[in-house]
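Chemist: Sending over run.tsv (TSV, C-alpha atoms (C1' of nucleotides)).
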```
chain	number	residue	atom	x	y	z
A	1	MET	CA	6.67	117.41	-98.20
A	2	ALA	CA	5.43	118.70	-94.94
A	3	ARG	CA	8.23	116.77	-93.38
A	4	ALA	CA	10.85	118.14	-95.69
A	5	GLU	CA	9.73	121.67	-95.02
A	6	ARG	CA	9.75	121.10	-91.34
A	7	THR	CA	13.19	119.58	-91.38
A	8	GLU	CA	14.63	122.47	-93.32
A	9	ALA	CA	13.03	125.03	-91.12
A	10	GLY	CA	14.36	123.37	-88.01
A	11	ASP	CA	17.72	122.75	-89.49
A	12	ALA	CA	19.19	125.92	-88.13
A	13	CYS	CA	18.53	125.08	-84.51
A	14	PRO	CA	21.00	122.59	-83.07
A	15	ILE	CA	18.64	121.73	-80.24
A	16	GLU	CA	16.02	120.68	-82.72
A	17	ARG	CA	18.52	118.70	-84.75
A	18	SER	CA	19.66	116.84	-81.68
A	19	ILE	CA	16.24	116.09	-80.35
A	20	SER	CA	15.12	114.83	-83.74
A	21	LEU	CA	18.02	112.43	-83.58
A	22	ILE	CA	17.77	111.11	-80.06
A	23	GLY	CA	14.45	112.31	-78.69
A	24	ARG	CA	12.88	108.89	-78.56
A	25	ARG	CA	12.43	106.53	-75.73
A	26	SER	CA	13.93	103.57	-77.54
A	27	THR	CA	17.02	105.50	-78.58
A	28	VAL	CA	17.68	106.83	-75.13
A	29	LEU	CA	17.21	103.45	-73.51
A	30	LEU	CA	19.63	101.85	-75.92
A	31	LEU	CA	22.22	104.56	-75.39
A	32	ARG	CA	21.79	104.25	-71.66
A	33	GLU	CA	22.46	100.53	-71.87
A	34	ALA	CA	25.42	101.05	-74.15
A	35	SER	CA	26.87	103.46	-71.62
A	36	TYR	CA	26.44	100.78	-68.94
A	37	GLY	CA	28.54	98.50	-71.09
A	38	THR	CA	25.87	96.44	-72.81
A	39	SER	CA	27.07	95.41	-76.23
A	40	ARG	CA	25.05	92.44	-77.42
A	41	PHE	CA	21.72	92.40	-79.16
A	42	ASP	CA	19.90	90.12	-76.76
A	43	ASP	CA	21.15	92.02	-73.79
A	44	PHE	CA	19.82	95.25	-75.24
A	45	VAL	CA	16.45	93.60	-75.76
A	46	ARG	CA	16.31	92.13	-72.29
A	47	ARG	CA	17.57	95.15	-70.37
A	48	THR	CA	15.57	97.80	-72.15
A	49	GLY	CA	12.36	95.82	-72.48
A	50	LEU	CA	12.04	96.92	-76.08
A	51	THR	CA	10.88	94.46	-78.70
A	52	GLU	CA	13.38	92.83	-80.96
A	53	SER	CA	12.18	94.67	-84.03
A	54	VAL	CA	12.43	98.06	-82.40
A	55	THR	CA	15.82	97.18	-81.01
A	56	ALA	CA	17.09	96.04	-84.40
A	57	ASP	CA	15.75	99.13	-86.13
A	58	GLN	CA	17.12	101.57	-83.62
A	59	LEU	CA	20.52	99.93	-83.30
A	60	ARG	CA	20.81	100.09	-87.06
A	61	ARG	CA	19.86	103.72	-87.02
A	62	LEU	CA	22.28	104.56	-84.24
A	63	VAL	CA	25.06	102.89	-86.16
A	64	ALA	CA	24.10	104.77	-89.32
A	65	GLU	CA	24.05	108.03	-87.39
A	66	GLY	CA	27.48	107.37	-86.00
A	67	LEU	CA	26.55	107.03	-82.36
A	68	LEU	CA	27.39	103.36	-82.16
A	69	THR	CA	29.77	101.12	-84.01
A	70	LYS	CA	29.02	97.52	-84.81
A	71	HIS	CA	31.88	95.15	-85.23
A	72	PRO	CA	32.18	91.44	-85.29
A	73	TYR	CA	34.21	89.66	-82.70
A	74	ARG	CA	34.71	86.09	-81.64
A	75	GLU	CA	35.65	84.62	-78.36
A	76	PRO	CA	37.78	81.49	-78.53
A	77	ALA	CA	35.72	78.41	-79.39
A	78	GLN	CA	32.68	80.58	-79.98
A	79	ARG	CA	30.97	81.63	-83.14
A	80	GLN	CA	31.22	85.11	-84.48
A	81	ARG	CA	29.18	87.72	-82.69
A	82	PHE	CA	28.57	91.42	-83.10
A	83	GLU	CA	29.15	94.03	-80.52
A	84	TYR	CA	27.76	97.53	-80.39
A	85	VAL	CA	29.99	100.15	-78.83
A	86	LEU	CA	29.55	103.87	-78.31
A	87	THR	CA	31.48	106.15	-80.65
A	88	GLU	CA	32.92	109.41	-79.40
A	89	ALA	CA	29.74	111.20	-80.45
A	90	GLY	CA	27.68	108.64	-78.56
A	91	HIS	CA	29.96	109.00	-75.61
A	92	ASP	CA	29.44	112.72	-75.58
A	93	LEU	CA	25.74	112.18	-75.07
A	94	VAL	CA	26.19	110.33	-71.81
A	95	PRO	CA	26.45	113.45	-69.64
A	96	ILE	CA	23.17	114.60	-71.12
A	97	LEU	CA	21.54	111.30	-70.22
A	98	LEU	CA	22.91	111.64	-66.71
A	99	ALA	CA	21.58	115.18	-66.53
A	100	LEU	CA	18.18	113.98	-67.66
A	101	GLY	CA	18.25	111.32	-65.00
A	102	SER	CA	19.24	113.72	-62.31
A	103	TRP	CA	16.50	116.12	-63.36
A	104	GLY	CA	14.02	113.26	-63.11
A	105	GLU	CA	15.29	112.35	-59.67
A	106	LYS	CA	14.82	115.88	-58.46
A	107	HIS	CA	11.51	116.76	-60.05
A	108	ARG	CA	9.85	113.39	-60.44
A	109	PRO	CA	10.95	111.54	-57.33
A	110	ARG	CA	10.12	107.93	-56.57
A	111	SER	CA	10.28	105.91	-53.41
A	112	HIS	CA	13.80	104.73	-53.93
A	113	ARG	CA	16.21	107.07	-55.41
A	114	ILE	CA	19.20	106.73	-57.61
A	115	ARG	CA	22.19	108.93	-57.01
A	116	LEU	CA	25.35	109.32	-58.97
A	117	VAL	CA	28.60	109.44	-57.12
A	118	HIS	CA	32.22	109.73	-58.07
A	119	ALA	CA	33.49	106.23	-57.38
A	120	ASP	CA	36.97	107.45	-56.45
A	121	CYS	CA	36.00	110.00	-53.84
A	122	GLY	CA	32.40	109.21	-52.96
A	123	ALA	CA	31.13	112.73	-53.59
A	124	PRO	CA	27.77	113.16	-55.31
A	125	ILE	CA	27.86	114.08	-58.96
A	126	HIS	CA	25.83	116.63	-60.78
A	127	VAL	CA	25.81	118.22	-64.19
A	128	GLU	CA	26.54	121.88	-64.53
A	129	VAL	CA	26.78	124.65	-67.07
A	130	ARG	CA	30.14	126.36	-66.93
A	131	CYS	CA	32.19	128.72	-68.97
A	132	GLU	CA	35.83	128.13	-69.62
A	133	ALA	CA	36.80	130.77	-67.11
A	134	GLY	CA	35.18	128.56	-64.51
A	135	HIS	CA	32.07	130.60	-63.81
A	136	ALA	CA	28.68	128.95	-63.52
A	137	PRO	CA	26.56	131.58	-65.26
A	138	PRO	CA	22.87	131.87	-64.54
A	139	GLU	CA	20.61	131.61	-67.54
A	140	SER	CA	20.38	135.32	-67.93
A	141	GLU	CA	24.10	135.49	-68.62
A	142	VAL	CA	24.12	132.85	-71.31
A	143	ALA	CA	24.37	134.49	-74.70
A	144	VAL	CA	23.85	132.87	-78.06
A	145	VAL	CA	26.43	133.84	-80.66
A	146	LEU	CA	25.98	133.22	-84.36
A	147	GLU	CA	29.04	132.99	-86.53
A	148	ASP	CA	30.04	131.69	-89.90
A	149	ARG	CA	31.97	128.53	-89.85
A	150	PRO	CA	35.24	128.98	-91.69
A	151	ALA	CA	35.28	126.98	-94.91
A	152	THR	CA	37.88	124.26	-94.39
B	1	MET	CA	-2.53	97.69	-71.20
B	2	ALA	CA	0.67	97.37	-73.08
B	3	ARG	CA	1.24	101.01	-72.30
B	4	ALA	CA	0.56	100.62	-68.61
B	5	GLU	CA	2.95	97.72	-68.36
B	6	ARG	CA	5.61	99.60	-70.17
B	7	THR	CA	5.24	102.65	-68.01
B	8	GLU	CA	5.51	100.64	-64.84
B	9	ALA	CA	8.52	98.76	-66.03
B	10	GLY	CA	10.35	101.93	-66.88
B	11	ASP	CA	9.28	103.69	-63.76
B	12	ALA	CA	12.41	102.85	-61.90
B	13	CYS	CA	14.75	104.59	-64.29
B	14	PRO	CA	14.78	108.35	-63.96
B	15	ILE	CA	16.26	108.77	-67.42
B	16	GLU	CA	13.32	106.94	-68.90
B	17	ARG	CA	10.85	108.93	-66.85
B	18	SER	CA	12.37	112.18	-68.02
B	19	ILE	CA	12.56	111.24	-71.65
B	20	SER	CA	8.96	110.06	-71.61
B	21	LEU	CA	8.05	113.48	-70.34
B	22	ILE	CA	10.06	115.74	-72.59
B	23	GLY	CA	11.50	113.55	-75.33
B	24	ARG	CA	9.40	115.04	-78.06
B	25	ARG	CA	10.24	117.60	-80.62
B	26	SER	CA	7.23	119.81	-79.90
B	27	THR	CA	7.90	119.82	-76.17
B	28	VAL	CA	11.53	120.71	-76.55
B	29	LEU	CA	10.79	123.47	-79.04
B	30	LEU	CA	8.23	125.01	-76.72
B	31	LEU	CA	10.57	124.85	-73.76
B	32	ARG	CA	13.31	126.37	-75.84
B	33	GLU	CA	11.04	129.26	-76.76
B	34	ALA	CA	9.91	129.69	-73.20
B	35	SER	CA	13.53	129.91	-72.12
B	36	TYR	CA	14.05	132.63	-74.71
B	37	GLY	CA	11.24	134.56	-73.09
B	38	THR	CA	8.34	133.71	-75.34
B	39	SER	CA	5.13	133.69	-73.34
B	40	ARG	CA	2.18	134.09	-75.67
B	41	PHE	CA	0.35	131.45	-77.63
B	42	ASP	CA	0.70	132.95	-81.05
B	43	ASP	CA	4.38	133.62	-80.54
B	44	PHE	CA	4.92	130.00	-79.62
B	45	VAL	CA	3.12	128.94	-82.78
B	46	ARG	CA	5.03	131.30	-85.00
B	47	ARG	CA	8.47	130.75	-83.59
B	48	THR	CA	8.35	126.99	-83.29
B	49	GLY	CA	6.53	126.37	-86.55
B	50	LEU	CA	4.23	123.90	-84.80
B	51	THR	CA	0.55	123.85	-85.63
B	52	GLU	CA	-1.89	125.53	-83.32
B	53	SER	CA	-3.44	122.29	-82.20
B	54	VAL	CA	-0.11	120.74	-81.29
B	55	THR	CA	0.92	123.91	-79.54
B	56	ALA	CA	-2.30	124.04	-77.55
B	57	ASP	CA	-2.03	120.37	-76.59
B	58	GLN	CA	1.57	120.53	-75.55
B	59	LEU	CA	1.30	123.79	-73.66
B	60	ARG	CA	-1.59	122.29	-71.74
B	61	ARG	CA	0.45	119.22	-71.01
B	62	LEU	CA	3.48	121.22	-69.91
B	63	VAL	CA	1.31	123.20	-67.54
B	64	ALA	CA	-0.25	120.00	-66.19
B	65	GLU	CA	3.21	118.51	-65.69
B	66	GLY	CA	4.37	121.55	-63.81
B	67	LEU	CA	6.98	122.76	-66.27
B	68	LEU	CA	5.08	125.90	-67.20
B	69	THR	CA	2.59	128.07	-65.43
B	70	LYS	CA	-0.24	129.81	-67.19
B	71	HIS	CA	-1.60	132.97	-65.71
B	72	PRO	CA	-3.78	135.72	-66.97
B	73	TYR	CA	-2.48	139.23	-67.17
B	74	ARG	CA	-3.60	142.43	-68.72
B	75	GLU	CA	-1.65	145.33	-69.94
B	76	PRO	CA	-3.30	148.70	-69.47
B	77	ALA	CA	-6.03	149.29	-72.02
B	78	GLN	CA	-5.61	145.76	-73.34
B	79	ARG	CA	-7.83	142.77	-72.95
B	80	GLN	CA	-6.89	139.91	-70.72
B	81	ARG	CA	-4.21	137.61	-72.04
B	82	PHE	CA	-2.49	134.50	-70.81
B	83	GLU	CA	1.17	134.10	-70.40
B	84	TYR	CA	3.15	130.92	-70.09
B	85	VAL	CA	6.22	131.04	-67.90
B	86	LEU	CA	8.77	128.41	-66.93
B	87	THR	CA	8.48	126.98	-63.44
B	88	GLU	CA	11.55	126.07	-61.47
B	89	ALA	CA	11.36	122.53	-62.80
B	90	GLY	CA	11.11	123.89	-66.31
B	91	HIS	CA	13.98	126.19	-65.63
B	92	ASP	CA	16.12	123.30	-64.51
B	93	LEU	CA	15.72	121.73	-67.91
B	94	VAL	CA	17.30	124.63	-69.73
B	95	PRO	CA	20.90	123.51	-69.17
B	96	ILE	CA	19.96	120.18	-70.68
B	97	LEU	CA	18.57	121.89	-73.74
B	98	LEU	CA	21.76	123.90	-73.99
B	99	ALA	CA	23.78	120.73	-73.70
B	100	LEU	CA	21.73	119.12	-76.45
B	101	GLY	CA	22.34	122.12	-78.63
B	102	SER	CA	26.01	122.14	-77.99
B	103	TRP	CA	26.22	118.42	-78.74
B	104	GLY	CA	24.43	119.08	-82.03
B	105	GLU	CA	26.82	121.89	-82.87
B	106	LYS	CA	29.78	119.64	-82.31
B	107	HIS	CA	28.61	116.44	-83.92
B	108	ARG	CA	26.12	117.65	-86.48
B	109	PRO	CA	27.68	120.87	-87.70
B	110	ARG	CA	26.07	123.22	-90.17
B	111	SER	CA	27.46	126.08	-92.20
B	112	HIS	CA	26.88	128.71	-89.62
B	113	ARG	CA	27.39	127.80	-86.06
B	114	ILE	CA	25.83	128.83	-82.85
B	115	ARG	CA	27.97	129.13	-79.79
B	116	LEU	CA	27.07	129.79	-76.22
B	117	VAL	CA	29.17	132.24	-74.30
B	118	HIS	CA	29.12	133.70	-70.84
B	119	ALA	CA	27.92	137.23	-71.49
B	120	ASP	CA	29.89	138.66	-68.59
B	121	CYS	CA	33.30	137.28	-69.47
B	122	GLY	CA	32.97	136.16	-73.08
B	123	ALA	CA	34.25	132.63	-72.48
B	124	PRO	CA	32.56	129.75	-74.26
B	125	ILE	CA	30.15	127.68	-72.25
B	126	HIS	CA	29.85	123.94	-72.03
B	127	VAL	CA	28.13	121.39	-69.86
B	128	GLU	CA	30.16	119.19	-67.59
B	129	VAL	CA	29.80	116.35	-65.17
B	130	ARG	CA	31.37	117.13	-61.83
B	131	CYS	CA	31.41	115.78	-58.33
B	132	GLU	CA	31.12	118.02	-55.33
B	133	ALA	CA	34.79	117.64	-54.61
B	134	GLY	CA	35.38	119.37	-57.89
B	135	HIS	CA	36.62	116.43	-59.93
B	136	ALA	CA	35.39	115.83	-63.46
B	137	PRO	CA	35.18	112.05	-63.36
B	138	PRO	CA	35.37	110.05	-66.58
B	139	GLU	CA	32.42	107.82	-67.24
B	140	SER	CA	34.13	104.82	-65.78
B	141	GLU	CA	34.25	106.51	-62.40
B	142	VAL	CA	30.57	107.39	-62.28
B	143	ALA	CA	28.80	104.99	-59.94
B	144	VAL	CA	25.07	104.54	-59.56
B	145	VAL	CA	23.87	104.30	-55.98
B	146	LEU	CA	20.44	103.06	-55.02
B	147	GLU	CA	18.98	104.14	-51.73
B	148	ASP	CA	15.61	104.30	-50.02
B	149	ARG	CA	14.16	107.70	-49.81
B	150	PRO	CA	13.35	108.50	-46.20
B	151	ALA	CA	9.60	108.66	-45.64
B	152	THR	CA	8.84	112.25	-44.86
C	1	DA	C1'	22.48	64.71	-87.91
C	2	DG	C1'	19.73	67.33	-85.18
C	3	DG	C1'	18.82	70.64	-81.78
C	4	DC	C1'	19.83	74.94	-79.65
C	5	DT	C1'	21.12	79.70	-79.51
C	6	DG	C1'	22.04	84.38	-81.00
C	7	DA	C1'	20.73	87.74	-83.96
C	8	DC	C1'	17.86	89.16	-86.25
C	9	DT	C1'	13.23	89.86	-89.90
C	10	DT	C1'	8.39	89.71	-90.84
C	11	DT	C1'	3.55	90.46	-90.11
C	12	DG	C1'	-0.12	92.76	-88.20
C	13	DG	C1'	-2.16	95.99	-85.34
C	14	DG	C1'	-2.64	99.84	-81.75
C	15	DT	C1'	-1.34	104.45	-80.03
C	16	DT	C1'	0.92	108.85	-80.36
C	17	DT	C1'	2.58	112.70	-82.76
C	18	DA	C1'	2.15	115.90	-86.20
C	19	DC	C1'	0.21	118.42	-90.08
C	20	DA	C1'	-3.31	121.37	-92.75
C	21	DA	C1'	-7.34	123.84	-92.93
C	22	DA	C1'	-11.34	125.57	-91.09
C	23	DG	C1'	-14.29	127.12	-87.40
C	24	DC	C1'	-15.42	129.45	-82.90
C	25	DC	C1'	-15.84	133.01	-79.47
C	26	DA	C1'	-14.82	136.78	-76.43
C	27	DT	C1'	-12.98	141.26	-76.48
C	28	DC	C1'	-10.90	145.50	-78.05
C	29	DG	C1'	-10.43	149.45	-81.06
C	30	DT	C1'	-13.01	152.50	-84.14
D	1	DA	C1'	-22.11	148.07	-84.34
D	2	DC	C1'	-18.72	145.69	-86.36
D	3	DG	C1'	-14.47	144.00	-88.00
D	4	DA	C1'	-10.09	142.40	-86.50
D	5	DT	C1'	-7.27	140.04	-83.48
D	6	DG	C1'	-5.84	136.43	-79.95
D	7	DG	C1'	-6.37	132.11	-78.38
D	8	DC	C1'	-7.80	128.49	-79.01
D	9	DT	C1'	-10.92	123.73	-80.87
D	10	DT	C1'	-12.36	120.58	-84.43
D	11	DT	C1'	-11.86	117.46	-88.23
D	12	DG	C1'	-9.42	114.61	-91.13
D	13	DT	C1'	-5.21	112.43	-92.52
D	14	DA	C1'	-0.49	110.65	-92.56
D	15	DA	C1'	3.61	109.11	-90.48
D	16	DA	C1'	6.27	107.50	-86.56
D	17	DC	C1'	6.64	104.61	-82.78
D	18	DC	C1'	5.92	100.57	-80.30
D	19	DC	C1'	4.21	95.96	-79.20
D	20	DA	C1'	3.33	90.77	-79.58
D	21	DA	C1'	4.20	86.67	-81.81
D	22	DA	C1'	6.12	83.91	-85.18
D	23	DG	C1'	9.58	82.88	-88.62
D	24	DT	C1'	14.44	82.69	-90.49
D	25	DC	C1'	19.10	81.32	-90.69
D	26	DA	C1'	23.93	80.39	-89.70
D	27	DG	C1'	26.89	78.21	-86.75
D	28	DC	C1'	28.30	75.64	-82.57
D	29	DC	C1'	27.53	71.50	-79.48
D	30	DT	C1'	26.64	66.60	-78.76
```
Kindly return the structure encoded in the file as structure tokens.
Modeler:
Amino acid sequence: MARAERTEAGDACPIERSISLIGRRSTVLLLREASYGTSRFDDFVRRTGLTESVTADQLRRLVAEGLLTKHPYREPAQRQRFEYVLTEAGHDLVPILLALGSWGEKHRPRSHRIRLVHADCGAPIHVEVRCEAGHAPPESEVAVVLEDRPAT
Amino acid sequence: MARAERTEAGDACPIERSISLIGRRSTVLLLREASYGTSRFDDFVRRTGLTESVTADQLRRLVAEGLLTKHPYREPAQRQRFEYVLTEAGHDLVPILLALGSWGEKHRPRSHRIRLVHADCGAPIHVEVRCEAGHAPPESEVAVVLEDRPAT
DNA sequence: AGGCTGACTTTGGGTTTACAAAGCCATCGT
DNA sequence: ACGATGGCTTTGTAAACCCAAAGTCAGCCT
């Protein structure tokens, strides 16, 4: 009950909804791997360091939540396998993971650092908040607008 | 021990470091409130819906981690109070919270929607991945570069 | 036919996160 | 002097998260 109440209360805030969905170490690690191209169960286990049970549970959940798809495939002369691939929604989370990583690099540095660059031009990459007119507004100029969603 | 091992293993990945730090509902809610200007204990409790003990624990942790500062202040003819304010590191997380929110709005819509706009020009705001040359590279063109950090 | 491998499931236990309710204490206003 | 905050702490409980290790099972490979 406490949970139900909490969920309803937080329902209005999209930040809370999102963090309830993906604010877990296991989830983020799996999404990170998926964005690197990992698609097979054992690879997820090995590269994230998560246990098999956690991996199975979370992959299932991510599929149910529509962030990954699971479909069978078979290479010639091989048995059937399953591959997990990011959906569009999952894909849309990748910039956020990158932003988290770049925050960590800046504010929690380690001896060797990881930078992101644009492979085509070599320039360093960062994540920025921008409006469609091309401005990069400071926080004080970001306004929250509430509106009814038109009934489709 | 299991914990120590895990922490060390994940130490190399900045995404994992970041998510271990802030990938919790309570933390995100408190940071959200702080970014809205909330600074007093009771306001945090009331606006996030968290319990007092969780709020106290997490505020303490956020201060210890350098995402918030706590300093005493007193308004004239009032007793001494404490206020919690975002540090620069905490501030740098705000765009990520906004991005999470905007992801939630897009992929987990509710009946009324919340949009972010640039107050000065009215244009909708989003979060984007860009290189310094101004390109918006697709995921496939984002390369991860490992380098030693020069010993200062 | 038997073993191996990939993809899980099961069992059992530890830690973390969160909640609810009550208590504590210094200080301010009256 | 005393009651009402504000800002916590304490206690007790439940759920979520994660780990380690072992078991299952279908299908290919020899």
Chemist: Would you list the contacts of Arg24 of chain B as JSON, numbers by chain, taking every protein, DNA or RNA residue within 12 Å and counting all atoms listed in the file, but skipping same-chain residues closer than 2 positions in sequence?
Modeler: {"A": [15, 16, 17, 18, 19, 20, 21, 22, 23, 24, 25], "B": [18, 19, 20, 21, 22, 26, 27, 28, 29, 30, 31, 54, 58, 62], "C": [16, 17, 18], "D": [16, 17]}
Chemist: Could the residues in this selection be written to a file with C-alpha atoms (C1' of nucleotides), as a PDB file, keeping the file's coordinate frame?
Modeler:
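Full text of selection.pdb as output:
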```pdb
ATOM      1  CA  ILE A  15      18.640 121.730 -80.240  1.00  0.00           C
ATOM      2  CA  GLU A  16      16.020 120.680 -82.720  1.00  0.00           C
ATOM      3  CA  ARG A  17      18.520 118.700 -84.750  1.00  0.00           C
ATOM      4  CA  SER A  18      19.660 116.840 -81.680  1.00  0.00           C
ATOM      5  CA  ILE A  19      16.240 116.090 -80.350  1.00  0.00           C
ATOM      6  CA  SER A  20      15.120 114.830 -83.740  1.00  0.00           C
ATOM      7  CA  LEU A  21      18.020 112.430 -83.580  1.00  0.00           C
ATOM      8  CA  ILE A  22      17.770 111.110 -80.060  1.00  0.00           C
ATOM      9  CA  GLY A  23      14.450 112.310 -78.690  1.00  0.00           C
ATOM     10  CA  ARG A  24      12.880 108.890 -78.560  1.00  0.00           C
ATOM     11  CA  ARG A  25      12.430 106.530 -75.730  1.00  0.00           C
TER      12      ARG A  25
ATOM     13  CA  SER B  18      12.370 112.180 -68.020  1.00  0.00           C
ATOM     14  CA  ILE B  19      12.560 111.240 -71.650  1.00  0.00           C
ATOM     15  CA  SER B  20       8.960 110.060 -71.610  1.00  0.00           C
ATOM     16  CA  LEU B  21       8.050 113.480 -70.340  1.00  0.00           C
ATOM     17  CA  ILE B  22      10.060 115.740 -72.590  1.00  0.00           C
ATOM     18  CA  SER B  26       7.230 119.810 -79.900  1.00  0.00           C
ATOM     19  CA  THR B  27       7.900 119.820 -76.170  1.00  0.00           C
ATOM     20  CA  VAL B  28      11.530 120.710 -76.550  1.00  0.00           C
ATOM     21  CA  LEU B  29      10.790 123.470 -79.040  1.00  0.00           C
ATOM     22  CA  LEU B  30       8.230 125.010 -76.720  1.00  0.00           C
ATOM     23  CA  LEU B  31      10.570 124.850 -73.760  1.00  0.00           C
ATOM     24  CA  VAL B  54      -0.110 120.740 -81.290  1.00  0.00           C
ATOM     25  CA  GLN B  58       1.570 120.530 -75.550  1.00  0.00           C
ATOM     26  CA  LEU B  62       3.480 121.220 -69.910  1.00  0.00           C
TER      27      LEU B  62
ATOM     28  C1'  DT C  16       0.920 108.850 -80.360  1.00  0.00           C
ATOM     29  C1'  DT C  17       2.580 112.700 -82.760  1.00  0.00           C
ATOM     30  C1'  DA C  18       2.150 115.900 -86.200  1.00  0.00           C
TER      31       DA C  18
ATOM     32  C1'  DA D  16       6.270 107.500 -86.560  1.00  0.00           C
ATOM     33  C1'  DC D  17       6.640 104.610 -82.780  1.00  0.00           C
TER      34       DC D  17
END
```
Chemist: So that I can check the surroundings of DC25 of chain C, please list as a list of chain:residue names every protein, DNA and RNA residue that reaches within 12 Å of it, counting only C-alpha atoms (C1' of nucleotides) and ignoring chain neighbours fewer than 2 positions away.
Modeler: C:DG23, C:DT27, D:DT5, D:DG6, D:DG7, D:DC8, D:DT9
Chemist: Write out as a list of chain:residue names each polymer residue whose atoms come within 12 Å of DA22 of chain C, counting all atoms listed in the file; drop sequence neighbours fewer than 5 positions from it.
Modeler: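 With the cut-off at 12 Å, the set is D:DT9, D:DT10, D:DT11, D:DG12.
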Chemist: Identify all chain B residues at most 9 Å from chain D by counting only C-alpha atoms (C1' of nucleotides); ligands do not count. Present them as number ranges by chain.
Modeler: B: 2, 41-42, 52-53, 56, 81-82
Chemist: Record the distance separating atom CA of Asp92 of chain A and atom CA of Glu88 of chain B, expressed in Å with one decimal.
Modeler: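 These atoms are spaced 26.4 Å apart.
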Chemist: Show me, as a PyMOL selection string, the residues of chain B whose atoms get within 7 Å of chain A, using all atoms listed in the file for the distance check.
Modeler: chain B and resi 14-20+23-25+29+89+95-97+99-101+104-105+107+111-120+123-133+137+141-149
Chemist: Residues of chain C within 10 Å of chain A, using all atoms listed in the file, as a PyMOL selection string?
Modeler: chain C and resi 6-10+18-20
Chemist: Keeping C-alpha atoms (C1' of nucleotides) for every residue in the selection just given, could you write it to a file as a PDB file, in the frame of the given file?
Modeler:
```pdb
ATOM      1  C1'  DG C   6      22.040  84.380 -81.000  1.00  0.00           C
ATOM      2  C1'  DA C   7      20.730  87.740 -83.960  1.00  0.00           C
ATOM      3  C1'  DC C   8      17.860  89.160 -86.250  1.00  0.00           C
ATOM      4  C1'  DT C   9      13.230  89.860 -89.900  1.00  0.00           C
ATOM      5  C1'  DT C  10       8.390  89.710 -90.840  1.00  0.00           C
ATOM      6  C1'  DA C  18       2.150 115.900 -86.200  1.00  0.00           C
ATOM      7  C1'  DC C  19       0.210 118.420 -90.080  1.00  0.00           C
ATOM      8  C1'  DA C  20      -3.310 121.370 -92.750  1.00  0.00           C
TER       9       DA C  20
END
```
